[in-house]
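Pasting data-v2.cif here (mmCIF, C-alpha atoms):
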data_run
#
loop_
_atom_site.group_PDB
_atom_site.id
_atom_site.type_symbol
_atom_site.label_atom_id
_atom_site.label_comp_id
_atom_site.auth_asym_id
_atom_site.auth_seq_id
_atom_site.Cartn_x
_atom_site.Cartn_y
_atom_site.Cartn_z
ATOM 1 C CA MET C 3 -6.073 -33.922 36.721
ATOM 2 C CA THR C 4 -6.822 -35.546 33.369
ATOM 3 C CA LYS C 5 -5.203 -34.493 30.102
ATOM 4 C CA ARG C 6 -8.536 -33.145 28.937
ATOM 5 C CA GLU C 7 -9.026 -31.019 32.066
ATOM 6 C CA PHE C 8 -5.484 -29.690 31.830
ATOM 7 C CA LEU C 9 -5.783 -28.701 28.156
ATOM 8 C CA GLU C 10 -9.201 -27.110 28.773
ATOM 9 C CA ALA C 11 -7.720 -25.014 31.606
ATOM 10 C CA ILE C 12 -4.873 -23.914 29.316
ATOM 11 C CA ARG C 13 -7.250 -23.067 26.470
ATOM 12 C CA LYS C 14 -9.356 -20.924 28.805
ATOM 13 C CA GLY C 15 -6.302 -19.199 30.270
ATOM 14 C CA ILE C 16 -4.855 -18.158 26.907
ATOM 15 C CA SER C 17 -8.170 -17.347 25.204
ATOM 16 C CA THR C 18 -6.978 -13.791 24.511
ATOM 17 C CA LEU C 19 -4.372 -15.098 22.050
ATOM 18 C CA SER C 20 -4.970 -15.693 18.354
ATOM 19 C CA THR C 21 -6.691 -18.968 17.397
ATOM 20 C CA ASP C 22 -3.449 -20.079 15.739
ATOM 21 C CA ASP C 23 -1.408 -19.489 18.908
ATOM 22 C CA ILE C 24 -4.036 -21.234 21.061
ATOM 23 C CA ASN C 25 -4.114 -24.305 18.798
ATOM 24 C CA LYS C 26 -0.308 -24.494 18.596
ATOM 25 C CA SER C 27 0.003 -24.383 22.383
ATOM 26 C CA ILE C 28 -2.704 -27.015 22.896
ATOM 27 C CA ARG C 29 -1.122 -29.331 20.286
ATOM 28 C CA TYR C 30 2.290 -28.944 21.940
ATOM 29 C CA TYR C 31 1.092 -29.859 25.441
ATOM 30 C CA SER C 32 -1.144 -32.616 24.088
ATOM 31 C CA GLU C 33 1.872 -34.169 22.338
ATOM 32 C CA MET C 34 4.050 -33.797 25.440
ATOM 33 C CA ILE C 35 1.490 -35.557 27.663
ATOM 34 C CA ASP C 36 0.947 -38.356 25.114
ATOM 35 C CA ASP C 37 4.720 -38.918 24.777
ATOM 36 C CA ARG C 38 5.100 -39.245 28.544
ATOM 37 C CA ILE C 39 2.172 -41.685 28.768
ATOM 38 C CA GLU C 40 3.747 -43.686 25.932
ATOM 39 C CA ASP C 41 6.970 -43.708 27.952
ATOM 40 C CA GLY C 42 5.142 -45.634 30.675
ATOM 41 C CA VAL C 43 3.662 -43.198 33.199
ATOM 42 C CA SER C 44 -0.014 -42.730 34.075
ATOM 43 C CA GLU C 45 -2.084 -39.920 32.566
ATOM 44 C CA GLU C 46 -2.218 -38.247 35.980
ATOM 45 C CA GLU C 47 1.580 -38.315 36.316
ATOM 46 C CA ALA C 48 2.131 -37.133 32.749
ATOM 47 C CA VAL C 49 -0.169 -34.147 33.326
ATOM 48 C CA ALA C 50 1.490 -33.372 36.670
ATOM 49 C CA ALA C 51 4.885 -33.277 34.907
ATOM 50 C CA MET C 52 3.671 -30.319 32.837
ATOM 51 C CA GLY C 53 3.500 -28.248 36.020
ATOM 52 C CA ASN C 54 0.767 -26.076 37.473
ATOM 53 C CA PRO C 55 -1.697 -24.973 34.735
ATOM 54 C CA ASP C 56 -1.564 -21.365 36.000
ATOM 55 C CA ASP C 57 2.237 -21.339 35.631
ATOM 56 C CA VAL C 58 1.975 -22.872 32.156
ATOM 57 C CA ILE C 59 -0.577 -20.197 31.165
ATOM 58 C CA ALA C 60 1.609 -17.400 32.569
ATOM 59 C CA GLU C 61 4.620 -18.773 30.672
ATOM 60 C CA ILE C 62 2.729 -18.931 27.354
ATOM 61 C CA LEU C 63 1.259 -15.449 27.808
ATOM 62 C CA SER C 64 4.600 -13.887 28.723
ATOM 63 C CA GLU C 65 6.512 -15.561 25.902
ATOM 64 C CA THR C 66 4.080 -15.306 22.991
ATOM 65 C CA PRO C 67 5.273 -12.312 20.962
ATOM 66 C CA SER C 68 1.902 -11.716 19.333
ATOM 67 C CA VAL C 69 0.262 -10.855 22.655
ATOM 68 C CA PRO C 70 -0.227 -7.090 22.855
ATOM 69 C CA THR C 71 1.082 -5.760 26.177
ATOM 70 C CA VAL C 72 -1.052 -3.565 28.412
ATOM 71 C CA ALA C 73 0.921 -0.524 27.234
ATOM 72 C CA GLU C 74 0.318 -1.410 23.590
ATOM 73 C CA GLN C 75 -3.377 -1.894 24.268
ATOM 74 C CA ALA C 76 -3.503 1.549 25.901
ATOM 75 C CA THR C 77 -1.824 3.059 22.834
ATOM 76 C CA GLU C 78 -4.259 1.226 20.574
ATOM 77 C CA GLN C 79 -7.184 2.584 22.555
ATOM 78 C CA ALA C 80 -5.733 6.096 22.412
ATOM 79 C CA ASP C 81 -5.308 5.740 18.641
ATOM 80 C CA GLU C 82 -8.893 4.573 18.373
ATOM 81 C CA LYS C 83 -10.075 7.576 20.393
ATOM 82 C CA GLU C 84 -8.090 9.920 18.190
ATOM 83 C CA GLU C 85 -9.547 8.192 15.143
ATOM 84 C CA ASN C 86 -13.046 8.675 16.567
ATOM 85 C CA SER C 87 -12.463 12.348 17.339
ATOM 86 C CA LYS C 88 -11.144 12.778 13.801
ATOM 87 C CA LYS C 89 -14.326 11.133 12.567
ATOM 88 C CA GLY C 90 -16.361 13.487 14.800
ATOM 89 C CA PHE C 91 -14.480 16.409 13.314
ATOM 90 C CA LYS C 92 -15.234 15.129 9.823
ATOM 91 C CA TYR C 93 -18.944 14.690 10.635
ATOM 92 C CA GLY C 94 -18.942 18.196 12.112
ATOM 93 C CA TRP C 95 -17.722 19.528 8.789
ATOM 94 C CA ILE C 96 -20.341 17.571 6.873
ATOM 95 C CA ILE C 97 -23.137 18.867 9.126
ATOM 96 C CA ALA C 98 -21.787 22.440 8.883
ATOM 97 C CA SER C 99 -21.631 22.118 5.093
ATOM 98 C CA VAL C 100 -25.205 20.835 4.935
ATOM 99 C CA ILE C 101 -26.417 23.718 7.116
ATOM 100 C CA MET C 102 -24.500 26.265 5.029
ATOM 101 C CA LEU C 103 -25.864 24.750 1.821
ATOM 102 C CA SER C 104 -29.473 24.834 3.056
ATOM 103 C CA LEU C 105 -28.994 28.441 4.212
ATOM 104 C CA LEU C 106 -27.669 29.240 0.746
ATOM 105 C CA VAL C 107 -30.674 27.556 -0.883
ATOM 106 C CA ALA C 108 -33.051 29.443 1.427
ATOM 107 C CA ALA C 109 -31.259 32.711 0.732
ATOM 108 C CA SER C 110 -31.339 32.168 -3.011
ATOM 109 C CA ALA C 111 -35.055 31.247 -2.767
ATOM 110 C CA MET C 112 -35.656 34.567 -0.984
ATOM 111 C CA LEU C 113 -33.554 36.446 -3.500
ATOM 112 C CA MET C 114 -35.087 34.653 -6.464
ATOM 113 C CA PRO C 115 -38.020 37.058 -6.864
ATOM 114 C CA LEU C 116 -35.577 39.996 -6.828
ATOM 115 C CA ILE C 117 -33.246 38.326 -9.304
ATOM 116 C CA LYS C 118 -36.173 37.393 -11.511
ATOM 117 C CA ALA C 119 -37.431 40.895 -11.154
ATOM 118 C CA GLY C 120 -34.023 42.168 -12.226
ATOM 119 C CA PHE C 121 -34.351 40.384 -15.492
ATOM 120 C CA ASN C 122 -38.016 41.054 -15.827
ATOM 121 C CA LYS C 123 -38.412 44.798 -15.876
ATOM 122 C CA ASN C 124 -41.403 46.356 -14.137
ATOM 123 C CA ALA C 125 -41.940 43.242 -12.021
ATOM 124 C CA ILE C 126 -43.422 43.824 -8.591
ATOM 125 C CA VAL C 127 -41.869 42.330 -5.476
ATOM 126 C CA SER C 128 -42.739 42.854 -1.862
ATOM 127 C CA GLY C 129 -41.134 42.268 1.529
ATOM 128 C CA TRP C 130 -38.691 43.823 4.007
ATOM 129 C CA GLY C 131 -35.297 45.151 3.088
ATOM 130 C CA TYR C 132 -32.784 47.927 2.514
ATOM 131 C CA PHE C 133 -32.339 49.514 -0.823
ATOM 132 C CA ARG C 134 -29.813 51.934 -2.184
ATOM 133 C CA VAL C 135 -31.650 54.624 -4.048
ATOM 134 C CA ASP C 136 -29.805 57.232 -6.076
ATOM 135 C CA GLY C 137 -26.554 56.619 -4.238
ATOM 136 C CA ASP C 138 -28.150 57.170 -0.798
ATOM 137 C CA THR C 139 -28.791 54.268 1.500
ATOM 138 C CA SER C 140 -32.355 54.445 2.626
ATOM 139 C CA ALA C 141 -33.852 52.093 5.129
ATOM 140 C CA VAL C 142 -37.201 50.829 4.073
ATOM 141 C CA SER C 143 -39.181 49.742 7.109
ATOM 142 C CA HIS C 144 -41.750 48.032 4.999
ATOM 143 C CA PHE C 145 -42.770 48.171 1.427
ATOM 144 C CA ASP C 146 -45.812 46.724 -0.098
ATOM 145 C CA SER C 147 -44.385 46.686 -3.536
ATOM 146 C CA ILE C 148 -41.455 47.980 -5.438
ATOM 147 C CA ARG C 149 -41.145 48.392 -9.109
ATOM 148 C CA ILE C 150 -37.862 47.367 -10.624
ATOM 149 C CA ALA C 151 -37.130 49.876 -13.302
ATOM 150 C CA GLU C 152 -34.011 49.823 -15.457
ATOM 151 C CA THR C 153 -31.585 48.158 -13.015
ATOM 152 C CA PHE C 154 -31.282 47.226 -9.337
ATOM 153 C CA SER C 155 -29.559 50.512 -8.647
ATOM 154 C CA ASP C 156 -32.514 52.316 -10.066
ATOM 155 C CA VAL C 157 -35.373 51.132 -7.911
ATOM 156 C CA ILE C 158 -38.616 52.955 -7.740
ATOM 157 C CA ILE C 159 -40.398 52.458 -4.471
ATOM 158 C CA GLU C 160 -44.102 52.788 -4.593
ATOM 159 C CA ARG C 161 -46.482 53.260 -1.681
ATOM 160 C CA SER C 162 -43.827 52.765 0.917
ATOM 161 C CA GLU C 163 -43.112 54.246 4.335
ATOM 162 C CA THR C 164 -39.532 55.373 4.113
ATOM 163 C CA GLU C 165 -37.403 56.112 7.172
ATOM 164 C CA ASP C 166 -34.089 57.931 7.184
ATOM 165 C CA CYS C 167 -30.963 56.074 8.182
ATOM 166 C CA MET X 22 22.676 -22.374 37.927
ATOM 167 C CA ASP X 23 22.070 -18.615 37.649
ATOM 168 C CA ILE X 24 18.800 -18.036 35.796
ATOM 169 C CA GLN X 25 20.319 -15.453 33.427
ATOM 170 C CA ILE X 26 23.205 -17.729 32.441
ATOM 171 C CA LYS X 27 20.795 -20.647 32.051
ATOM 172 C CA ARG X 28 18.538 -18.650 29.766
ATOM 173 C CA GLY X 29 21.464 -17.865 27.516
ATOM 174 C CA LEU X 30 22.542 -21.500 27.417
ATOM 175 C CA LEU X 31 19.175 -23.144 26.805
ATOM 176 C CA ASP X 32 18.663 -21.892 23.242
ATOM 177 C CA VAL X 33 22.026 -23.299 22.172
ATOM 178 C CA CYS X 34 21.423 -26.552 24.083
ATOM 179 C CA VAL X 35 18.133 -27.103 22.244
ATOM 180 C CA LEU X 36 19.942 -26.551 18.926
ATOM 181 C CA ALA X 37 22.645 -28.984 20.066
ATOM 182 C CA ALA X 38 19.948 -31.586 20.852
ATOM 183 C CA ILE X 39 18.791 -31.563 17.196
ATOM 184 C CA LYS X 40 22.259 -31.027 15.694
ATOM 185 C CA ASN X 41 22.894 -34.675 14.741
ATOM 186 C CA ALA X 42 19.335 -35.794 14.013
ATOM 187 C CA ASP X 43 15.851 -34.253 13.834
ATOM 188 C CA SER X 44 14.049 -34.685 17.120
ATOM 189 C CA TYR X 45 10.732 -34.041 18.908
ATOM 190 C CA GLY X 46 9.861 -32.213 22.116
ATOM 191 C CA TYR X 47 9.952 -34.990 24.694
ATOM 192 C CA GLN X 48 13.124 -36.505 23.194
ATOM 193 C CA ILE X 49 14.860 -33.093 23.318
ATOM 194 C CA ILE X 50 14.013 -32.781 27.038
ATOM 195 C CA LYS X 51 15.307 -36.301 27.723
ATOM 196 C CA ASP X 52 18.543 -35.729 25.756
ATOM 197 C CA MET X 53 19.237 -32.470 27.568
ATOM 198 C CA SER X 54 18.367 -33.702 31.080
ATOM 199 C CA PRO X 55 21.830 -35.155 32.009
ATOM 200 C CA TYR X 56 23.359 -31.712 31.375
ATOM 201 C CA ILE X 57 20.710 -29.093 32.000
ATOM 202 C CA SER X 58 17.128 -29.436 33.234
ATOM 203 C CA ILE X 59 14.367 -27.948 31.150
ATOM 204 C CA SER X 60 10.603 -28.177 31.610
ATOM 205 C CA GLU X 61 7.980 -28.493 28.886
ATOM 206 C CA SER X 62 6.747 -24.966 29.559
ATOM 207 C CA THR X 63 10.296 -23.580 29.229
ATOM 208 C CA LEU X 64 11.049 -25.525 26.051
ATOM 209 C CA TYR X 65 7.911 -24.383 24.230
ATOM 210 C CA PRO X 66 8.773 -20.656 23.888
ATOM 211 C CA ILE X 67 12.388 -21.533 23.015
ATOM 212 C CA LEU X 68 11.240 -23.743 20.125
ATOM 213 C CA ARG X 69 8.921 -21.017 18.884
ATOM 214 C CA ARG X 70 11.676 -18.396 19.149
ATOM 215 C CA LEU X 71 14.177 -20.572 17.284
ATOM 216 C CA GLU X 72 11.579 -21.259 14.594
ATOM 217 C CA ALA X 73 10.778 -17.545 14.255
ATOM 218 C CA SER X 74 14.483 -16.713 13.886
ATOM 219 C CA GLN X 75 14.804 -19.534 11.314
ATOM 220 C CA MET X 76 17.359 -21.512 13.301
ATOM 221 C CA LEU X 77 15.144 -24.567 13.019
ATOM 222 C CA THR X 78 12.230 -25.762 10.894
ATOM 223 C CA VAL X 79 9.209 -27.790 12.022
ATOM 224 C CA TYR X 80 7.347 -30.650 10.369
ATOM 225 C CA SER X 81 4.745 -33.121 11.574
ATOM 226 C CA VAL X 82 5.012 -36.892 11.447
ATOM 227 C CA GLU X 83 2.179 -39.285 12.170
ATOM 228 C CA HIS X 84 2.903 -41.414 15.200
ATOM 229 C CA ASN X 85 0.466 -43.881 16.826
ATOM 230 C CA GLY X 86 -2.527 -42.221 15.201
ATOM 231 C CA ARG X 87 -1.517 -38.697 16.249
ATOM 232 C CA LEU X 88 0.813 -36.016 14.954
ATOM 233 C CA ARG X 89 4.199 -35.442 16.480
ATOM 234 C CA LYS X 90 6.238 -32.357 15.654
ATOM 235 C CA TYR X 91 9.836 -32.816 14.612
ATOM 236 C CA TYR X 92 12.428 -30.070 14.735
ATOM 237 C CA SER X 93 15.221 -29.791 12.178
ATOM 238 C CA ILE X 94 18.270 -27.519 12.521
ATOM 239 C CA THR X 95 19.053 -25.009 9.732
ATOM 240 C CA ASP X 96 22.392 -23.522 8.610
ATOM 241 C CA SER X 97 21.628 -20.452 10.742
ATOM 242 C CA GLY X 98 21.135 -22.774 13.701
ATOM 243 C CA ARG X 99 24.497 -24.426 13.094
ATOM 244 C CA LYS X 100 26.124 -21.013 12.819
ATOM 245 C CA ARG X 101 24.563 -20.058 16.162
ATOM 246 C CA ILE X 102 26.247 -23.086 17.777
ATOM 247 C CA ALA X 103 29.610 -22.205 16.162
ATOM 248 C CA ASP X 104 29.329 -18.552 17.283
ATOM 249 C CA PHE X 105 28.491 -19.693 20.797
ATOM 250 C CA ALA X 106 31.550 -21.986 20.920
ATOM 251 C CA GLU X 107 33.714 -19.050 19.788
ATOM 252 C CA GLU X 108 32.255 -16.749 22.454
ATOM 253 C CA TRP X 109 32.803 -19.417 25.059
ATOM 254 C CA LYS X 110 36.564 -19.186 24.581
ATOM 255 C CA GLN X 111 36.377 -15.587 25.841
ATOM 256 C CA ILE X 112 34.181 -16.689 28.740
ATOM 257 C CA ILE X 113 36.786 -19.311 29.686
ATOM 258 C CA SER X 114 39.511 -16.636 29.841
ATOM 259 C CA VAL X 115 37.195 -14.511 32.021
ATOM 260 C CA TYR X 116 36.627 -17.575 34.192
ATOM 261 C CA GLU X 117 40.392 -18.003 34.598
ATOM 262 C CA PHE X 118 40.713 -14.349 35.614
ATOM 263 C CA ILE X 119 37.886 -14.687 38.144
ATOM 264 C CA THR X 120 39.258 -17.850 39.770
ATOM 265 C CA LYS X 121 42.982 -16.936 39.596
ATOM 266 C CA GLU X 122 44.897 -17.534 42.847
ATOM 267 C CA GLY X 123 46.879 -14.721 44.431
ATOM 268 C CA ASN X 124 46.373 -10.925 44.385
ATOM 269 C CA GLY X 125 47.311 -10.306 40.784
ATOM 270 C CA ASP X 126 50.997 -9.522 41.582
ATOM 271 C CA ASP X 127 52.368 -12.708 39.999
#

Whole structure given in structure tokens:
Amino acid sequence: MTKREFLEAIRKGISTLSTDDINKSIRYYSEMIDDRIEDGVSEEEAVAAMGNPDDVIAEILSETPSVPTVAEQATEQADEKEENSKKGFKYGWIIASVIMLSLLVAASAMLMPLIKAGFNKNAIVSGWGYFRVDGDTSAVSHFDSIRIAETFSDVIIERSETEDC
Amino acid sequence: MDIQIKRGLLDVCVLAAIKNADSYGYQIIKDMSPYISISESTLYPILRRLEASQMLTVYSVEHNGRLRKYYSITDSGRKRIADFAEEWKQIISVYEFITKEGNGDD
């Protein structure tokens, strides 16, 4: 095996490490092989002295402190999941708020004529609804028009079919 | 040698190999070899560990058109050797107890 082949095998085997750790390891073994060749052995022999590439890879992976263990990775993934569910929860709230807000807008749009009518005496509004008249709650099945007199509590219903509660 | 005992010894041996002069990887292995065998793949994590615990520092020197890393012992590294020598005195007394002749009635 040539030096180049050996270093390539190592680089591939430890590719999960940080770039810094990969480069440090490659530089170390490159220097070690070069020093042995300089000492008078062949490239082949110098590479063989480093041991089996798989063993070298296993040694680097087991001894490099920055490598997250399987357990740590599992914890990280769990954290990520929790983070995502938190995000989901947050989005849920945003969606709920938007729905509530649009309901509020719709409700106020429906109430607007009545509110306007409240300020504008003798205005005519029409639609479905319940009205309290003279302290009694009367169900109004349908009214074509109501005249707002002095206040909301004093509503005069005109041309309406009134049902008892 | 027992692998556990060897592991404990290697760190101090590497420090001892750079105690008198800064040295580089292959030289450290050669200097240690008459006493204790160590492979390149075993030395590498030890050097990194000793660097991380600030018992040695690393610098690069250009050599034959390439960079060679030199390792230099720190005061903490020297203290580690001194502590080890102190501990070893206790180990020697344990050794004497272990290898003592007779049944302990002398």

Extract, using all atoms listed in the file, all DNA, RNA and protein residues at most 8 Å from Arg99 of chain X, discarding same-chain residues fewer than 4 positions from it, and format them as a list of chain:residue names.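 Close residues of Arg99 of chain X: X:Leu36, X:Lys40, X:Met76, X:Ile94, X:Thr95, X:Ala103.
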
Export of prior selection with C-alpha atoms as a compact mmCIF listing (two decimals), keeping the file's coordinate frame:
# COMPACT_ATOMS: atom_id res chain seq x y z
CA LEU X 36 19.94 -26.55 18.93
CA LYS X 40 22.26 -31.03 15.69
CA MET X 76 17.36 -21.51 13.30
CA ILE X 94 18.27 -27.52 12.52
CA THR X 95 19.05 -25.01 9.73
CA ALA X 103 29.61 -22.20 16.16

Around (-2.5, -28.0, 31.3) in the file's frame, which residues reach within 10 Å when counting only C-alpha atoms? Return as a PDB file with C-alpha atoms, keeping the file's coordinate frame?
ATOM      1  CA  MET C   3      -6.073 -33.922  36.721  1.00  0.00           C
ATOM      2  CA  THR C   4      -6.822 -35.546  33.369  1.00  0.00           C
ATOM      3  CA  LYS C   5      -5.203 -34.493  30.102  1.00  0.00           C
ATOM      4  CA  ARG C   6      -8.536 -33.145  28.937  1.00  0.00           C
ATOM      5  CA  GLU C   7      -9.026 -31.019  32.066  1.00  0.00           C
ATOM      6  CA  PHE C   8      -5.484 -29.690  31.830  1.00  0.00           C
ATOM      7  CA  LEU C   9      -5.783 -28.701  28.156  1.00  0.00           C
ATOM      8  CA  GLU C  10      -9.201 -27.110  28.773  1.00  0.00           C
ATOM      9  CA  ALA C  11      -7.720 -25.014  31.606  1.00  0.00           C
ATOM     10  CA  ILE C  12      -4.873 -23.914  29.316  1.00  0.00           C
ATOM     11  CA  ARG C  13      -7.250 -23.067  26.470  1.00  0.00           C
ATOM     12  CA  GLY C  15      -6.302 -19.199  30.270  1.00  0.00           C
ATOM     13  CA  SER C  27       0.003 -24.383  22.383  1.00  0.00           C
ATOM     14  CA  ILE C  28      -2.704 -27.015  22.896  1.00  0.00           C
ATOM     15  CA  TYR C  31       1.092 -29.859  25.441  1.00  0.00           C
ATOM     16  CA  SER C  32      -1.144 -32.616  24.088  1.00  0.00           C
ATOM     17  CA  ILE C  35       1.490 -35.557  27.663  1.00  0.00           C
ATOM     18  CA  VAL C  49      -0.169 -34.147  33.326  1.00  0.00           C
ATOM     19  CA  ALA C  50       1.490 -33.372  36.670  1.00  0.00           C
ATOM     20  CA  ALA C  51       4.885 -33.277  34.907  1.00  0.00           C
ATOM     21  CA  MET C  52       3.671 -30.319  32.837  1.00  0.00           C
ATOM     22  CA  GLY C  53       3.500 -28.248  36.020  1.00  0.00           C
ATOM     23  CA  ASN C  54       0.767 -26.076  37.473  1.00  0.00           C
ATOM     24  CA  PRO C  55      -1.697 -24.973  34.735  1.00  0.00           C
ATOM     25  CA  ASP C  56      -1.564 -21.365  36.000  1.00  0.00           C
ATOM     26  CA  ASP C  57       2.237 -21.339  35.631  1.00  0.00           C
ATOM     27  CA  VAL C  58       1.975 -22.872  32.156  1.00  0.00           C
ATOM     28  CA  ILE C  59      -0.577 -20.197  31.165  1.00  0.00           C
TER      29      ILE C  59
ATOM     30  CA  SER X  62       6.747 -24.966  29.559  1.00  0.00           C
TER      31      SER X  62
END

So which residues touch segment 87-91 of chain X within 6 Å, counting only C-alpha atoms, skipping near sequence neighbours fewer than 6 positions away, as a count of residues only? 5

Hey, can you check how far atom CA of Ile67 of chain X sits from atom CA of Val35 of chain X?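 Atom-to-atom, atom CA of Ile67 of chain X to atom CA of Val35 of chain X, that is 8.0 Å.
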
In Å, how far is it from atom CA of Gly42 of chain C to atom CA of His84 of chain X? 16.2 Å

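If all atoms listed in the file are the atoms counted, then among X:Glu83, X:Asp23, X:Glu122, X:Glu117 the closest residue to chain C is X:Glu83.
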
Pick the closest to Ala42 of chain X from X:Ala106, X:Ser93, X:Phe118, X:Gln111: which is it, counting all atoms listed in the file?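 Checking each of X:Ala106, X:Ser93, X:Phe118, X:Gln111 against Ala42 of chain X, counting all atoms listed in the file, the winner is X:Ser93.
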
Pick out the chain C residues within 7 Å of chain X. Count all atoms listed in the file. Give them as a list in words.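 Therefore, the residues near the partner are Glu33, Met34, Asp37, Met52, Val58, Glu61 and Glu65 of chain C.
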
Name all residues at most 10 Å from Met53 of chain X (count only C-alpha atoms; drop same-chain ones fewer than 2 positions away) and give them as a list in words.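 Surrounding residues, per the criterion: Leu31, Cys34, Val35, Ala37, Ala38, Gln48, Ile49, Ile50, Lys51, Pro55, Tyr56, Ile57, Ser58 and Ile59 of chain X.
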
Those residues you just picked out, can you put them in a file as an mmCIF file, in the frame of the given file with C-alpha atoms?
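Final output, saved to part.cif:
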data_model
loop_
_atom_site.group_PDB
_atom_site.id
_atom_site.type_symbol
_atom_site.label_atom_id
_atom_site.label_comp_id
_atom_site.auth_asym_id
_atom_site.auth_seq_id
_atom_site.Cartn_x
_atom_site.Cartn_y
_atom_site.Cartn_z
ATOM 1 C CA LEU X 31 19.175 -23.144 26.805
ATOM 2 C CA CYS X 34 21.423 -26.552 24.083
ATOM 3 C CA VAL X 35 18.133 -27.103 22.244
ATOM 4 C CA ALA X 37 22.645 -28.984 20.066
ATOM 5 C CA ALA X 38 19.948 -31.586 20.852
ATOM 6 C CA GLN X 48 13.124 -36.505 23.194
ATOM 7 C CA ILE X 49 14.860 -33.093 23.318
ATOM 8 C CA ILE X 50 14.013 -32.781 27.038
ATOM 9 C CA LYS X 51 15.307 -36.301 27.723
ATOM 10 C CA PRO X 55 21.830 -35.155 32.009
ATOM 11 C CA TYR X 56 23.359 -31.712 31.375
ATOM 12 C CA ILE X 57 20.710 -29.093 32.000
ATOM 13 C CA SER X 58 17.128 -29.436 33.234
ATOM 14 C CA ILE X 59 14.367 -27.948 31.150
#

Just how far from atom CA of Asp96 of chain X is atom CA of Lys110 of chain X, in Å to one decimal?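 Atom CA of Asp96 of chain X lies 21.8 Å from atom CA of Lys110 of chain X.
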